[in-house]
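Undergrad: So that we are looking at the same thing, I have put the structure below in structure tokens.
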Amino acid sequence: MAKTYTLTKQQLIKTSIAELWAFFSSAKNLSVITPQDMNFRILPGQLPEKIFPGQIIRYKVSPLFGIPMTWVTEITAVNEPHSFVDEQRKGPYKLWRHEHVFEETPDGVLMTDTVYYQLPLGILGEWMHPLLVKNRLEHIFKYRRIKIDELFNKA
């Protein structure tokens with residue numbers, strides 16, 4: 001049985017929950033918060049303005065070594081404007097479940113991302129986790145934090 005890893009990141013965002021939901025509930029904004037070196041692009045197809053349960057989103061992305069691959073996710077749960085979940089249906093992981101939670105606070109919106117993931121390739125995947133995968137995910141979420149600060153937390 002593959003090991004399940006968990007990555008949790010929190011960020012306080014100085015905006016309303018409605019504005020933050022509008023940004024994150026549009027798949028079109030994913031490219032804004034994804035590092036350029038991942039060559040991320042949403043594949044052609046009709047994208048609605050807001051996510052909905054059952055929505056399938058197809059991307060081209062180069063997560064490691066510039067190797068392009070198709071990544072397909074499904075929005076499996078939506079609780080507007082408080083949370084949504086996307087799960088990989090095709091891609092580099094054996095399991096990928098990304099929970100997005102938005103909580104109003106007196107200082108803004110606390111956004112919590114929790115990713116549960118498993119790697120393919122058995123023991124080789126486990127070996128690659130600390131060397132490649134964990135660092136790559138940290139890089140992606142660090143970039144995302146910076147971009148969100150630029151968009152919403154301007155001084």
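Naming scheme: A, B, ... for chains in displayed order of the structure tokens; residues 1 onward per chain; ligands 1 onward as shown.
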Would you write out, as CSV, a table of all residues in segment 37-96 of chain A that have an atom no more than 12 Å from an atom of segment 103-121 of chain A, listing for each the closest atom pair and the distance in Å to one decimal, considering only C-alpha atoms and ordering rows by chain and rising residue number?
TA:
residue,atom,partner,partner_atom,distance
A:Asn79,CA,A:Glu103,CA,11.9
A:Glu80,CA,A:Glu103,CA,11.4
A:Pro81,CA,A:Glu103,CA,9.1
A:His82,CA,A:Glu103,CA,6.6
A:Ser83,CA,A:Glu103,CA,8.8
A:Phe84,CA,A:Asp113,CA,10.1
A:Val85,CA,A:Thr114,CA,9.6
A:Asp86,CA,A:Val115,CA,9.6
A:Glu87,CA,A:Tyr116,CA,9.5
A:Gln88,CA,A:Tyr117,CA,9.6
A:Gly91,CA,A:Pro120,CA,10.3
A:Pro92,CA,A:Pro120,CA,7.7
A:Tyr93,CA,A:Leu119,CA,5.1
A:Lys94,CA,A:Pro120,CA,5.1
A:Leu95,CA,A:Gln118,CA,4.8
A:Trp96,CA,A:Tyr117,CA,4.5
Undergrad: Can you write just those residues out, C-alpha atoms, as a compact mmCIF listing (two decimals), in the first residue's frame?
TA:
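The result, stored in result05.txt:
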# COMPACT_ATOMS: atom_id res chain seq x y z
CA ASN A 79 -19.45 24.57 -0.58
CA GLU A 80 -19.60 28.15 -1.88
CA PRO A 81 -17.93 30.36 -0.65
CA HIS A 82 -16.22 28.25 2.01
CA SER A 83 -14.54 25.29 0.34
CA PHE A 84 -14.01 23.08 -2.66
CA VAL A 85 -12.09 19.90 -3.45
CA ASP A 86 -10.28 18.85 -6.59
CA GLU A 87 -9.05 15.31 -7.20
CA GLN A 88 -6.72 14.01 -9.87
CA GLY A 91 -1.68 12.66 -13.88
CA PRO A 92 1.63 12.15 -12.13
CA TYR A 93 0.28 11.01 -8.76
CA LYS A 94 -1.27 7.76 -7.65
CA LEU A 95 -3.59 9.90 -5.50
CA TRP A 96 -4.08 13.68 -5.40
Undergrad: Please provide as an MDAnalysis selection string all residues within 6 Å of segment 53-66 of chain A, with the sequence filter that same-chain residues fewer than 4 positions apart are discarded (counting only C-alpha atoms).
TA: chainID A and resid 38:43 70:77
Undergrad: Quick one: pick out all strand (DSSP E or B) residues within chain A from a backbone DSSP run and write them as a PyMOL selection string.
TA: chain A and resi 5-13+41-42+56-61+69-79+83-90+95-105+108-118
Undergrad: Would you kindly return, as a list of chain:residue names, each protein, DNA or RNA residue with an atom no farther than 8 Å from any atom of Ile148 of chain A, considering only C-alpha atoms and excluding same-chain residues fewer than 5 positions away?
TA: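 Final neighbour list, sorted by chain and number: A:Ile13, A:Ile33, A:Asn153.
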Undergrad: What's the separation between atom CA of Asn135 of chain A and atom CA of Tyr5 of chain A, in Å to one decimal place?
TA: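 One can read the atom CA of Asn135 of chain A to atom CA of Tyr5 of chain A distance as 13.1 Å.
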Undergrad: Using DSSP on the backbone coordinates, identify the residues of segment 24-143 of chain A assigned to helix (DSSP H, G or I); present them as a PyMOL selection string.
TA: chain A and resi 24+27-33+36-38+122-143
Undergrad: Output C-alpha atoms for every residue in the selection just made, as an mmCIF file, in the first residue's frame.
TA:
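Final output, saved to again_11.cif:
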data_model
loop_
_atom_site.group_PDB
_atom_site.id
_atom_site.type_symbol
_atom_site.label_atom_id
_atom_site.label_comp_id
_atom_site.auth_asym_id
_atom_site.auth_seq_id
_atom_site.Cartn_x
_atom_site.Cartn_y
_atom_site.Cartn_z
ATOM 1 C CA PHE A 24 -10.330 30.686 -6.794
ATOM 2 C CA ALA A 27 -10.128 27.640 -13.191
ATOM 3 C CA LYS A 28 -8.938 30.361 -15.567
ATOM 4 C CA ASN A 29 -6.952 31.871 -12.679
ATOM 5 C CA LEU A 30 -4.866 28.742 -12.077
ATOM 6 C CA SER A 31 -2.195 29.868 -14.508
ATOM 7 C CA VAL A 32 -1.753 33.116 -12.536
ATOM 8 C CA ILE A 33 -0.676 31.242 -9.392
ATOM 9 C CA GLN A 36 6.016 29.621 -15.159
ATOM 10 C CA ASP A 37 8.599 26.822 -15.286
ATOM 11 C CA MET A 38 5.734 24.310 -15.080
ATOM 12 C CA GLY A 122 6.207 1.814 -5.159
ATOM 13 C CA ILE A 123 9.507 2.012 -3.287
ATOM 14 C CA LEU A 124 11.063 4.117 -6.055
ATOM 15 C CA GLY A 125 8.301 6.701 -5.592
ATOM 16 C CA GLU A 126 8.926 6.708 -1.837
ATOM 17 C CA TRP A 127 12.624 7.277 -2.479
ATOM 18 C CA MET A 128 11.882 10.155 -4.868
ATOM 19 C CA HIS A 129 9.613 11.963 -2.397
ATOM 20 C CA PRO A 130 12.256 13.749 -0.283
ATOM 21 C CA LEU A 131 14.613 14.224 -3.231
ATOM 22 C CA LEU A 132 12.216 15.643 -5.822
ATOM 23 C CA VAL A 133 8.520 15.678 -5.093
ATOM 24 C CA LYS A 134 8.376 17.328 -1.663
ATOM 25 C CA ASN A 135 10.736 20.132 -2.711
ATOM 26 C CA ARG A 136 8.823 20.691 -5.940
ATOM 27 C CA LEU A 137 5.505 20.984 -4.101
ATOM 28 C CA GLU A 138 7.059 23.396 -1.589
ATOM 29 C CA HIS A 139 8.332 25.499 -4.523
ATOM 30 C CA ILE A 140 4.879 25.553 -6.153
ATOM 31 C CA PHE A 141 3.111 26.625 -2.962
ATOM 32 C CA LYS A 142 5.782 29.234 -2.147
ATOM 33 C CA TYR A 143 5.272 30.758 -5.609
#
Undergrad: Please report the interatomic distance between atom CA of Arg144 of chain A and atom CA of Thr6 of chain A in Å with one decimal.
TA: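 Taking atom CA of Arg144 of chain A and atom CA of Thr6 of chain A, their separation equals 17.6 Å.
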Undergrad: Hey, can you check how far atom CA of Lys9 of chain A sits from atom CA of Ile146 of chain A?
TA: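 Straight-line distance from atom CA of Lys9 of chain A to atom CA of Ile146 of chain A works out to 12.8 Å.
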